[in-house]
$ cat work_5.cif   # mmCIF, C-alpha atoms and all ligand atoms
data_input
loop_
_atom_site.group_PDB
_atom_site.id
_atom_site.type_symbol
_atom_site.label_atom_id
_atom_site.label_comp_id
_atom_site.auth_asym_id
_atom_site.auth_seq_id
_atom_site.Cartn_x
_atom_site.Cartn_y
_atom_site.Cartn_z
ATOM 1 C CA MET A 280 5.481 18.618 23.670
ATOM 2 C CA SER A 281 7.947 19.722 21.033
ATOM 3 C CA ARG A 282 6.465 20.074 17.567
ATOM 4 C CA ARG A 283 7.853 17.603 15.082
ATOM 5 C CA ARG A 284 9.018 18.754 11.738
ATOM 6 C CA GLN A 285 6.700 17.670 8.946
ATOM 7 C CA ILE A 286 8.600 16.263 5.997
ATOM 8 C CA TYR A 287 5.776 15.442 3.606
ATOM 9 C CA GLU A 288 1.995 15.326 3.496
ATOM 10 C CA GLY A 289 0.287 12.986 1.075
ATOM 11 C CA LYS A 290 -3.387 12.255 0.561
ATOM 12 C CA ALA A 291 -3.631 9.561 3.239
ATOM 13 C CA LYS A 292 -0.427 9.900 5.259
ATOM 14 C CA ILE A 293 1.902 12.449 6.816
ATOM 15 C CA LEU A 294 5.626 11.916 7.321
ATOM 16 C CA TYR A 295 7.394 13.574 10.246
ATOM 17 C CA GLU A 296 11.037 13.719 11.162
ATOM 18 C CA GLY A 297 11.900 10.594 13.173
ATOM 19 C CA PRO A 298 13.468 10.320 16.624
ATOM 20 C CA GLU A 299 16.858 9.374 15.199
ATOM 21 C CA PRO A 300 18.688 10.065 11.924
ATOM 22 C CA GLY A 301 17.532 7.898 9.056
ATOM 23 C CA THR A 302 14.044 7.395 10.475
ATOM 24 C CA LEU A 303 10.649 8.968 9.880
ATOM 25 C CA VAL A 304 7.322 8.770 11.655
ATOM 26 C CA GLN A 305 4.503 7.795 9.324
ATOM 27 C CA TYR A 306 1.059 9.031 10.431
ATOM 28 C CA PHE A 307 -2.074 7.440 8.928
ATOM 29 C CA LYS A 308 -4.955 9.849 8.298
ATOM 30 C CA ASP A 309 -8.668 9.060 7.979
ATOM 31 C CA ASP A 310 -8.803 11.151 4.793
ATOM 32 C CA ALA A 311 -9.683 9.322 1.615
ATOM 33 C CA THR A 312 -9.378 10.503 -1.951
ATOM 34 C CA ALA A 313 -10.103 8.905 -5.296
ATOM 35 C CA PHE A 314 -9.710 9.734 -8.975
ATOM 36 C CA ASN A 315 -6.661 11.910 -8.352
ATOM 37 C CA ALA A 316 -8.319 13.701 -5.443
ATOM 38 C CA GLN A 317 -11.389 14.777 -7.432
ATOM 39 C CA LYS A 318 -13.393 12.851 -4.841
ATOM 40 C CA LYS A 319 -12.635 13.517 -1.191
ATOM 41 C CA GLY A 320 -13.979 12.108 2.041
ATOM 42 C CA VAL A 321 -13.217 10.786 5.476
ATOM 43 C CA ILE A 322 -13.433 7.158 6.510
ATOM 44 C CA THR A 323 -13.636 7.243 10.299
ATOM 45 C CA GLY A 324 -11.091 4.921 11.883
ATOM 46 C CA LYS A 325 -9.360 4.116 8.581
ATOM 47 C CA GLY A 326 -5.989 5.446 9.727
ATOM 48 C CA VAL A 327 -6.000 3.242 12.802
ATOM 49 C CA LEU A 328 -6.971 0.166 10.803
ATOM 50 C CA ASN A 329 -4.491 0.807 7.976
ATOM 51 C CA ASN A 330 -1.669 1.377 10.450
ATOM 52 C CA ARG A 331 -2.425 -1.995 12.000
ATOM 53 C CA ILE A 332 -3.069 -3.903 8.751
ATOM 54 C CA SER A 333 0.073 -2.504 7.150
ATOM 55 C CA GLU A 334 2.166 -3.326 10.228
ATOM 56 C CA TYR A 335 0.928 -6.908 10.148
ATOM 57 C CA LEU A 336 1.607 -7.383 6.420
ATOM 58 C CA MET A 337 5.055 -5.729 6.579
ATOM 59 C CA MET A 338 6.060 -8.035 9.433
ATOM 60 C CA ARG A 339 4.908 -11.120 7.504
ATOM 61 C CA LEU A 340 6.832 -9.910 4.427
ATOM 62 C CA GLU A 341 9.990 -9.296 6.485
ATOM 63 C CA GLU A 342 9.715 -12.875 7.747
ATOM 64 C CA ILE A 343 10.068 -14.196 4.192
ATOM 65 C CA GLY A 344 12.969 -11.852 3.473
ATOM 66 C CA VAL A 345 11.261 -8.993 1.631
ATOM 67 C CA PRO A 346 13.064 -5.832 2.806
ATOM 68 C CA THR A 347 10.679 -3.075 3.921
ATOM 69 C CA HIS A 348 10.936 0.375 5.479
ATOM 70 C CA PHE A 349 8.838 -0.701 8.487
ATOM 71 C CA VAL A 350 10.606 -0.574 11.857
ATOM 72 C CA ARG A 351 7.826 -0.727 14.444
ATOM 73 C CA ARG A 352 4.400 0.604 15.264
ATOM 74 C CA LEU A 353 4.514 3.529 17.682
ATOM 75 C CA ASN A 354 0.855 4.054 18.533
ATOM 76 C CA MET A 355 -2.649 3.806 17.052
ATOM 77 C CA ARG A 356 -1.917 5.988 14.045
ATOM 78 C CA GLU A 357 1.852 6.069 13.728
ATOM 79 C CA GLN A 358 4.694 3.798 12.791
ATOM 80 C CA LEU A 359 8.436 4.293 12.705
ATOM 81 C CA VAL A 360 9.915 3.743 9.248
ATOM 82 C CA ARG A 361 13.336 3.977 7.641
ATOM 83 C CA GLU A 362 13.976 7.074 5.579
ATOM 84 C CA VAL A 363 14.688 6.152 1.977
ATOM 85 C CA GLU A 364 15.204 7.879 -1.339
ATOM 86 C CA MET A 365 11.823 7.322 -2.986
ATOM 87 C CA ILE A 366 11.616 6.079 -6.558
ATOM 88 C CA PRO A 367 8.761 8.090 -8.143
ATOM 89 C CA ILE A 368 7.044 5.047 -9.631
ATOM 90 C CA GLU A 369 3.769 3.417 -8.569
ATOM 91 C CA VAL A 370 4.069 -0.287 -9.252
ATOM 92 C CA VAL A 371 0.735 -2.020 -9.828
ATOM 93 C CA VAL A 372 0.397 -5.802 -9.952
ATOM 94 C CA ARG A 373 -2.864 -7.283 -11.232
ATOM 95 C CA ASN A 374 -4.174 -10.833 -10.914
ATOM 96 C CA VAL A 375 -7.780 -10.195 -11.877
ATOM 97 C CA ALA A 376 -9.137 -7.542 -14.256
ATOM 98 C CA ALA A 377 -10.648 -4.623 -12.331
ATOM 99 C CA GLY A 378 -10.794 -0.843 -12.196
ATOM 100 C CA ASN A 379 -8.681 1.035 -14.657
ATOM 101 C CA PHE A 380 -7.415 -2.140 -16.353
ATOM 102 C CA ALA A 381 -10.905 -3.495 -17.030
ATOM 103 C CA GLU A 382 -11.892 -0.113 -18.459
ATOM 104 C CA ARG A 383 -8.758 0.436 -20.539
ATOM 105 C CA PHE A 384 -8.828 -2.956 -22.240
ATOM 106 C CA GLY A 385 -12.583 -3.503 -22.285
ATOM 107 C CA VAL A 386 -12.219 -6.641 -20.187
ATOM 108 C CA GLN A 387 -15.012 -7.611 -17.829
ATOM 109 C CA GLU A 388 -14.208 -6.913 -14.190
ATOM 110 C CA GLY A 389 -13.525 -10.216 -12.457
ATOM 111 C CA GLN A 390 -11.853 -11.969 -15.361
ATOM 112 C CA VAL A 391 -8.802 -13.840 -14.109
ATOM 113 C CA LEU A 392 -5.691 -12.737 -16.008
ATOM 114 C CA PRO A 393 -3.549 -15.352 -17.791
ATOM 115 C CA ARG A 394 -0.662 -14.296 -15.549
ATOM 116 C CA SER A 395 0.108 -11.544 -13.072
ATOM 117 C CA ILE A 396 0.658 -8.295 -14.927
ATOM 118 C CA VAL A 397 3.017 -5.599 -13.625
ATOM 119 C CA GLU A 398 2.434 -1.977 -14.632
ATOM 120 C CA TYR A 399 4.324 1.220 -13.846
ATOM 121 C CA TYR A 400 2.914 4.713 -13.332
ATOM 122 C CA TYR A 401 4.907 7.915 -12.924
ATOM 123 C CA LYS A 402 3.941 9.355 -9.524
ATOM 124 C CA ASN A 403 2.915 12.884 -10.361
ATOM 125 C CA ASP A 404 -0.464 14.217 -9.270
ATOM 126 C CA GLN A 405 -0.354 17.168 -11.637
ATOM 127 C CA LEU A 406 -0.033 14.805 -14.583
ATOM 128 C CA GLY A 407 -2.543 12.327 -13.133
ATOM 129 C CA ASP A 408 0.055 9.545 -12.658
ATOM 130 C CA PRO A 409 0.549 8.575 -16.327
ATOM 131 C CA MET A 410 1.319 4.967 -17.152
ATOM 132 C CA VAL A 411 4.943 4.508 -18.237
ATOM 133 C CA SER A 412 7.126 1.722 -19.584
ATOM 134 C CA GLU A 413 10.629 0.634 -18.616
ATOM 135 C CA GLU A 414 11.836 2.828 -21.488
ATOM 136 C CA HIS A 415 10.399 5.976 -19.897
ATOM 137 C CA ILE A 416 11.715 5.031 -16.469
ATOM 138 C CA THR A 417 15.305 4.575 -17.632
ATOM 139 C CA ALA A 418 15.264 7.452 -20.139
ATOM 140 C CA PHE A 419 14.028 9.942 -17.523
ATOM 141 C CA GLY A 420 16.539 8.514 -15.035
ATOM 142 C CA TRP A 421 13.957 7.568 -12.385
ATOM 143 C CA ALA A 422 15.523 4.110 -12.046
ATOM 144 C CA THR A 423 18.107 1.940 -13.799
ATOM 145 C CA THR A 424 17.453 -1.327 -15.607
ATOM 146 C CA GLN A 425 18.939 -3.140 -12.595
ATOM 147 C CA ASP A 426 16.632 -1.228 -10.228
ATOM 148 C CA ILE A 427 13.639 -2.191 -12.369
ATOM 149 C CA ASP A 428 14.674 -5.862 -12.294
ATOM 150 C CA ASP A 429 14.855 -5.707 -8.479
ATOM 151 C CA ILE A 430 11.521 -3.863 -8.256
ATOM 152 C CA MET A 431 9.789 -6.356 -10.546
ATOM 153 C CA ALA A 432 11.173 -9.351 -8.602
ATOM 154 C CA LEU A 433 10.111 -7.849 -5.263
ATOM 155 C CA ALA A 434 6.656 -6.891 -6.557
ATOM 156 C CA LEU A 435 6.029 -10.427 -7.808
ATOM 157 C CA ARG A 436 7.243 -11.990 -4.558
ATOM 158 C CA ILE A 437 4.980 -9.680 -2.591
ATOM 159 C CA ASN A 438 2.125 -10.622 -4.903
ATOM 160 C CA ASP A 439 2.666 -14.381 -4.571
ATOM 161 C CA PHE A 440 3.041 -14.263 -0.818
ATOM 162 C CA LEU A 441 0.106 -11.951 -0.137
ATOM 163 C CA SER A 442 -2.138 -13.823 -2.607
ATOM 164 C CA GLY A 443 -1.624 -16.930 -0.471
ATOM 165 C CA LEU A 444 -1.961 -15.077 2.822
ATOM 166 C CA PHE A 445 -5.273 -13.472 1.805
ATOM 167 C CA LEU A 446 -6.558 -16.697 0.252
ATOM 168 C CA GLY A 447 -6.074 -18.266 3.680
ATOM 169 C CA VAL A 448 -8.594 -15.807 5.145
ATOM 170 C CA GLY A 449 -11.103 -16.089 2.311
ATOM 171 C CA LEU A 450 -10.033 -13.048 0.291
ATOM 172 C CA ARG A 451 -9.048 -12.697 -3.345
ATOM 173 C CA PHE A 452 -6.030 -10.424 -3.868
ATOM 174 C CA VAL A 453 -7.231 -8.794 -7.080
ATOM 175 C CA ASP A 454 -4.563 -6.100 -7.512
ATOM 176 C CA PHE A 455 -2.395 -3.693 -5.546
ATOM 177 C CA LYS A 456 -0.085 -0.683 -5.792
ATOM 178 C CA VAL A 457 3.261 -0.341 -4.026
ATOM 179 C CA GLU A 458 6.184 2.050 -4.059
ATOM 180 C CA PHE A 459 9.861 1.399 -3.472
ATOM 181 C CA GLY A 460 12.834 3.386 -2.242
ATOM 182 C CA ARG A 461 16.623 3.219 -2.141
ATOM 183 C CA LEU A 462 18.265 2.524 1.199
ATOM 184 C CA TRP A 463 21.943 3.464 1.318
ATOM 185 C CA SER A 464 24.470 2.046 3.747
ATOM 186 C CA ASP A 465 28.039 3.170 3.023
ATOM 187 C CA GLU A 466 28.556 2.404 -0.642
ATOM 188 C CA ASP A 467 25.786 -0.210 -0.804
ATOM 189 C CA MET A 468 22.298 0.466 -2.066
ATOM 190 C CA ARG A 469 19.287 -1.766 -1.625
ATOM 191 C CA ILE A 470 15.806 -1.340 -3.007
ATOM 192 C CA ILE A 471 13.186 -1.818 -0.319
ATOM 193 C CA LEU A 472 9.407 -1.688 -0.095
ATOM 194 C CA ALA A 473 8.554 1.795 1.200
ATOM 195 C CA ASP A 474 4.785 2.114 1.333
ATOM 196 C CA GLU A 475 1.729 0.925 3.192
ATOM 197 C CA ILE A 476 -0.174 -2.170 2.198
ATOM 198 C CA SER A 477 -3.815 -1.720 3.154
ATOM 199 C CA PRO A 478 -7.306 -1.760 1.639
ATOM 200 C CA ASP A 479 -6.546 1.820 0.470
ATOM 201 C CA CYS A 480 -4.119 0.571 -2.144
ATOM 202 C CA CYS A 481 -5.264 -2.911 -3.053
ATOM 203 C CA ARG A 482 -8.443 -4.690 -4.102
ATOM 204 C CA LEU A 483 -9.704 -7.488 -1.899
ATOM 205 C CA TRP A 484 -12.820 -9.464 -2.780
ATOM 206 C CA ASP A 485 -14.569 -12.032 -0.651
ATOM 207 C CA LEU A 486 -13.728 -15.395 -2.178
ATOM 208 C CA LYS A 487 -17.290 -16.710 -2.067
ATOM 209 C CA THR A 488 -19.458 -13.660 -2.685
ATOM 210 C CA ASN A 489 -17.028 -11.344 -4.559
ATOM 211 C CA GLU A 490 -18.035 -8.602 -2.122
ATOM 212 C CA LYS A 491 -15.531 -5.749 -2.284
ATOM 213 C CA LEU A 492 -13.642 -5.170 0.973
ATOM 214 C CA ASP A 493 -11.429 -2.256 -0.058
ATOM 215 C CA LYS A 494 -11.399 1.386 -1.140
ATOM 216 C CA ASP A 495 -13.631 0.668 -4.139
ATOM 217 C CA ARG A 496 -16.481 0.892 -1.603
ATOM 218 C CA PHE A 497 -15.553 4.572 -1.208
ATOM 219 C CA ARG A 498 -14.688 5.173 -4.902
ATOM 220 C CA ARG A 499 -18.011 3.711 -6.040
ATOM 221 C CA ASP A 500 -20.229 4.850 -3.142
ATOM 222 C CA LEU A 501 -21.049 1.299 -2.110
ATOM 223 C CA GLY A 502 -21.423 2.149 1.585
ATOM 224 C CA ASN A 503 -20.082 0.302 4.650
ATOM 225 C CA VAL A 504 -16.561 1.476 3.893
ATOM 226 C CA GLU A 505 -15.197 1.402 7.433
ATOM 227 C CA GLU A 506 -16.908 -1.938 8.040
ATOM 228 C CA ALA A 507 -15.042 -3.396 5.053
ATOM 229 C CA TYR A 508 -11.640 -2.246 6.369
ATOM 230 C CA ARG A 509 -12.538 -3.612 9.786
ATOM 231 C CA GLU A 510 -13.556 -6.949 8.270
ATOM 232 C CA VAL A 511 -10.140 -7.255 6.581
ATOM 233 C CA ALA A 512 -8.408 -6.605 9.931
ATOM 234 C CA ARG A 513 -10.752 -9.058 11.664
ATOM 235 C CA ARG A 514 -9.996 -11.805 9.156
ATOM 236 C CA LEU A 515 -6.271 -11.221 9.572
ATOM 237 C CA GLY A 516 -6.799 -11.798 13.290
ATOM 238 C CA ILE A 517 -5.580 -8.362 14.346
ATOM 239 C CA LEU A 518 -8.809 -6.745 15.491
ATOM 240 C CA PRO A 519 -9.825 -7.118 19.133
ATOM 241 C CA GLU A 520 -13.541 -7.496 19.824
ATOM 242 C CA GLY A 521 -14.129 -3.878 20.869
ATOM 243 C CA GLY A 522 -13.032 -2.356 17.545
ATOM 244 C CA PRO A 523 -10.099 -0.126 16.633
ATOM 245 C CA GLN A 524 -10.264 1.859 19.877
ATOM 246 C CA ASP A 525 -9.179 -1.328 21.638
ATOM 247 C CA LEU A 526 -6.012 -1.741 19.585
ATOM 248 C CA LYS A 527 -3.111 -1.774 21.995
ATOM 249 C CA GLY A 528 0.418 -3.090 21.623
ATOM 250 C CA PRO A 529 1.671 -5.994 19.551
ATOM 251 C CA LYS A 530 0.821 -8.354 22.442
ATOM 252 C CA THR A 531 -2.857 -8.157 21.560
ATOM 253 C CA MET A 532 -2.149 -9.612 18.139
ATOM 254 C CA GLN A 533 -3.750 -12.934 17.243
HETATM 255 P P1 LIG A 601 -6.517 1.058 -10.866
HETATM 256 O O1 LIG A 601 -7.327 -0.093 -11.387
HETATM 257 O O2 LIG A 601 -7.324 2.272 -10.543
HETATM 258 O O3 LIG A 601 -5.349 1.375 -11.781
HETATM 259 O O4 LIG A 601 -5.870 0.595 -9.495
HETATM 260 C C1 LIG A 601 -5.023 -0.527 -9.397
HETATM 261 C C2 LIG A 601 -4.652 -0.774 -7.952
HETATM 262 O O5 LIG A 601 -3.802 0.239 -7.474
HETATM 263 C C3 LIG A 601 -5.844 -0.803 -7.004
HETATM 264 O O6 LIG A 601 -5.640 -1.825 -6.060
HETATM 265 C C4 LIG A 601 -5.832 0.536 -6.325
HETATM 266 C C5 LIG A 601 -4.380 0.929 -6.353
HETATM 267 N N1 LIG A 601 -4.181 2.364 -6.550
HETATM 268 C C6 LIG A 601 -3.571 3.108 -5.559
HETATM 269 O O7 LIG A 601 -3.225 2.586 -4.498
HETATM 270 N N2 LIG A 601 -3.343 4.428 -5.773
HETATM 271 C C7 LIG A 601 -3.714 5.061 -6.924
HETATM 272 O O8 LIG A 601 -3.478 6.263 -7.070
HETATM 273 C C8 LIG A 601 -4.337 4.266 -7.946
HETATM 274 C C9 LIG A 601 -4.762 4.900 -9.231
HETATM 275 C C10 LIG A 601 -4.536 2.937 -7.707
#
$ encode --input "work_5.cif" --output "structure tokens"
Amino acid sequence: MSRRRQIYEGKAKILYEGPEPGTLVQYFKDDATAFNAQKKGVITGKGVLNNRISEYLMMRLEEIGVPTHFVRRLNMREQLVREVEMIPIEVVVRNVAAGNFAERFGVQEGQVLPRSIVEYYYKNDQLGDPMVSEEHITAFGWATTQDIDDIMALALRINDFLSGLFLGVGLRFVDFKVEFGRLWSDEDMRIILADEISPDCCRLWDLKTNEKLDKDRFRRDLGNVEEAYREVARRLGILPEGGPQDLKGPKTMQ
């Protein structure tokens, strides 16, 4: 087998050169980090589950017209994605106070926010991803005002749609982080969602019990981390009885 060229390795994913120009292969690892990689661990089976959960959510988003980098799932841990020019901003949307927001503003975790709040962070591990405003983003040239308008509109659409989708399976979509990229075709440029959406990068609470079914179980040493990821996949109807090892092609969905 010829060795693929590695383009980038992040904390939870690796990007390889794709089979054709303009594509990349995105590999989902079991590695987990928190607090800017001060805490490290492995969640067995996480990569398989996140690959599947993210595939499912990207396909649902495409159906409502949200452009994403997702092309198709290749195997248990890999998906084919479009290569884009990444915008170095982590966009966080919050519906309920939790985590860093609850701490920063002294608001009790679980308090419903008066409206969805969008925040931006500059993606830079060395600096610990500092929070930035539109002013910083345009002044540093990371994105234009028009780009930010597009990003904000997409982030809110994703939030509305996924809030409803998760509500339908008994989960509260507390908050999430996404990243966007520029896709060029000839002279045209479009901003598209270029990230995973999985329990690694969002908070999902059981609607009735408020039980956390996301990476906070790892961050806060709550135990049953893999079980929580599996429960999210099960509720979305994408987990066959036998567990992740049984995940086959798209035909097994639903
Ligand atoms: P926070 O409360 O720690 O700021 O996290 C907000 C949301 O963003 C939460 O769903 C977890 C997600 N997130 C990431 O995906 N990556 C990160 O590096 C951070 C800090 C948060």
$ residues_near_ligand --input "work_5.cif" --ligand "ligand LIG 601 (chain A)" --cutoff "9 Å" --atoms "all atoms listed in the file" --output "ChimeraX atom specification"
/A:312-315,369-373,376-382,398,400,402,404,407-408,452-457,476-483,493-495
$ write_last_selection --input "work_5.cif" --atoms "C-alpha atoms" --output "PDB file, in the coordinates of the input"
ATOM      1  CA  THR A 312      -9.378  10.503  -1.951  1.00  0.00           C
ATOM      2  CA  ALA A 313     -10.103   8.905  -5.296  1.00  0.00           C
ATOM      3  CA  PHE A 314      -9.710   9.734  -8.975  1.00  0.00           C
ATOM      4  CA  ASN A 315      -6.661  11.910  -8.352  1.00  0.00           C
ATOM      5  CA  GLU A 369       3.769   3.417  -8.569  1.00  0.00           C
ATOM      6  CA  VAL A 370       4.069  -0.287  -9.252  1.00  0.00           C
ATOM      7  CA  VAL A 371       0.735  -2.020  -9.828  1.00  0.00           C
ATOM      8  CA  VAL A 372       0.397  -5.802  -9.952  1.00  0.00           C
ATOM      9  CA  ARG A 373      -2.864  -7.283 -11.232  1.00  0.00           C
ATOM     10  CA  ALA A 376      -9.137  -7.542 -14.256  1.00  0.00           C
ATOM     11  CA  ALA A 377     -10.648  -4.623 -12.331  1.00  0.00           C
ATOM     12  CA  GLY A 378     -10.794  -0.843 -12.196  1.00  0.00           C
ATOM     13  CA  ASN A 379      -8.681   1.035 -14.657  1.00  0.00           C
ATOM     14  CA  PHE A 380      -7.415  -2.140 -16.353  1.00  0.00           C
ATOM     15  CA  ALA A 381     -10.905  -3.495 -17.030  1.00  0.00           C
ATOM     16  CA  GLU A 382     -11.892  -0.113 -18.459  1.00  0.00           C
ATOM     17  CA  GLU A 398       2.434  -1.977 -14.632  1.00  0.00           C
ATOM     18  CA  TYR A 400       2.914   4.713 -13.332  1.00  0.00           C
ATOM     19  CA  LYS A 402       3.941   9.355  -9.524  1.00  0.00           C
ATOM     20  CA  ASP A 404      -0.464  14.217  -9.270  1.00  0.00           C
ATOM     21  CA  GLY A 407      -2.543  12.327 -13.133  1.00  0.00           C
ATOM     22  CA  ASP A 408       0.055   9.545 -12.658  1.00  0.00           C
ATOM     23  CA  PHE A 452      -6.030 -10.424  -3.868  1.00  0.00           C
ATOM     24  CA  VAL A 453      -7.231  -8.794  -7.080  1.00  0.00           C
ATOM     25  CA  ASP A 454      -4.563  -6.100  -7.512  1.00  0.00           C
ATOM     26  CA  PHE A 455      -2.395  -3.693  -5.546  1.00  0.00           C
ATOM     27  CA  LYS A 456      -0.085  -0.683  -5.792  1.00  0.00           C
ATOM     28  CA  VAL A 457       3.261  -0.341  -4.026  1.00  0.00           C
ATOM     29  CA  ILE A 476      -0.174  -2.170   2.198  1.00  0.00           C
ATOM     30  CA  SER A 477      -3.815  -1.720   3.154  1.00  0.00           C
ATOM     31  CA  PRO A 478      -7.306  -1.760   1.639  1.00  0.00           C
ATOM     32  CA  ASP A 479      -6.546   1.820   0.470  1.00  0.00           C
ATOM     33  CA  CYS A 480      -4.119   0.571  -2.144  1.00  0.00           C
ATOM     34  CA  CYS A 481      -5.264  -2.911  -3.053  1.00  0.00           C
ATOM     35  CA  ARG A 482      -8.443  -4.690  -4.102  1.00  0.00           C
ATOM     36  CA  LEU A 483      -9.704  -7.488  -1.899  1.00  0.00           C
ATOM     37  CA  ASP A 493     -11.429  -2.256  -0.058  1.00  0.00           C
ATOM     38  CA  LYS A 494     -11.399   1.386  -1.140  1.00  0.00           C
ATOM     39  CA  ASP A 495     -13.631   0.668  -4.139  1.00  0.00           C
TER      40      ASP A 495
END
$ resolve_selection --input "work_5.cif" --expression "the PyMOL selection byres (((chain A and resi 333) around 12) and not hetatm)" --output "PyMOL selection string"
chain A and resi 305+307+325-332+334-340+347-352+356-358+360+441+457+472-481+508+511-512+515+517
$ residues_around --input "work_5.cif" --residues "segment 287-303 of chain A" --least-positions-apart "2" --cutoff "6 Å" --atoms "all atoms listed in the file" --output "list in words"
Arg284, Gln285, Gln305, Tyr306, Phe307, Lys308, Asp310, Leu359, Val360, Arg361 and Glu362 of chain A
$ residues_around --input "work_5.cif" --residues "Ala507 of chain A" --least-positions-apart "3" --cutoff "6 Å" --atoms "only C-alpha atoms" --output "JSON list (two decimals) with C-alpha atoms, keeping the file's coordinate frame"
[["chain", "number", "residue", "atom", "x", "y", "z"],
["A", 492, "LEU", "CA", -13.64, -5.17, 0.97],
["A", 504, "VAL", "CA", -16.56, 1.48, 3.89],
["A", 510, "GLU", "CA", -13.56, -6.95, 8.27]]
$ atom_distance --input "work_5.cif" --atom1 "atom CA of Gln405 of chain A" --atom2 "atom CA of Phe459 of chain A"
20.5 Å
$ atom_distance --input "work_5.cif" --atom1 "atom CA of Tyr399 of chain A" --atom2 "atom CA of Arg498 of chain A"
21.4 Å
$ atom_distance --input "work_5.cif" --atom1 "atom CA of Gly449 of chain A" --atom2 "atom CA of Asp485 of chain A"
6.1 Å
$ resolve_selection --input "work_5.cif" --expression "the PyMOL selection byres (((chain A and resi 320) around 6) and not hetatm)" --output "PyMOL selection string"
chain A and resi 310-311+319+321
$ closest_residue --input "work_5.cif" --among "A:Gly516, A:Arg461, A:Phe440, A:Leu501" --to "Gly344 of chain A" --atoms "all atoms listed in the file"
A:Phe440
$ closest_residue --input "work_5.cif" --among "A:Ile470, A:Leu486, A:Ile322, A:Ile396" --to "Leu446 of chain A" --atoms "only C-alpha atoms"
A:Leu486
$ resolve_selection --input "work_5.cif" --expression "the PyMOL selection byres (((chain A and resi 462) around 8) and not hetatm)" --output "MDAnalysis selection string"
chainID A and resid 362:364 460:461 463:464 468:471
$ write_last_selection --input "work_5.cif" --atoms "C-alpha atoms" --output "mmCIF file, in the frame of the given file"
data_model
loop_
_atom_site.group_PDB
_atom_site.id
_atom_site.type_symbol
_atom_site.label_atom_id
_atom_site.label_comp_id
_atom_site.auth_asym_id
_atom_site.auth_seq_id
_atom_site.Cartn_x
_atom_site.Cartn_y
_atom_site.Cartn_z
ATOM 1 C CA GLU A 362 13.976 7.074 5.579
ATOM 2 C CA VAL A 363 14.688 6.152 1.977
ATOM 3 C CA GLU A 364 15.204 7.879 -1.339
ATOM 4 C CA GLY A 460 12.834 3.386 -2.242
ATOM 5 C CA ARG A 461 16.623 3.219 -2.141
ATOM 6 C CA TRP A 463 21.943 3.464 1.318
ATOM 7 C CA SER A 464 24.470 2.046 3.747
ATOM 8 C CA MET A 468 22.298 0.466 -2.066
ATOM 9 C CA ARG A 469 19.287 -1.766 -1.625
ATOM 10 C CA ILE A 470 15.806 -1.340 -3.007
ATOM 11 C CA ILE A 471 13.186 -1.818 -0.319
#
$ axis_aligned_box --input "work_5.cif" --around "segment 350-362 of chain A" --padding-each-side "5 Å" --output "lines of an AutoDock Vina configuration file"
center_x = 5.7
center_y = 3.2
center_z = 12.1
size_x = 26.6
size_y = 17.8
size_z = 23.0
$ closest_residue --input "work_5.cif" --among "A:Asp465, A:Asn438, A:Val304, A:Ile430" --to "Ile286 of chain A" --atoms "all atoms listed in the file"
A:Val304
$ closest_residue --input "work_5.cif" --among "A:Gln317, A:Thr323, A:Glu458, A:Ile416" --to "Met365 of chain A" --atoms "all atoms listed in the file"
A:Glu458
$ closest_residue --input "work_5.cif" --among "A:Leu433, A:Gly324, A:Asn489, A:Asp500" --to "Val345 of chain A" --atoms "all atoms listed in the file"
A:Leu433
$ closest_residue --input "work_5.cif" --among "A:Leu392, A:Val386, A:Ile368, A:Leu435" --to "His415 of chain A" --atoms "only C-alpha atoms"
A:Ile368
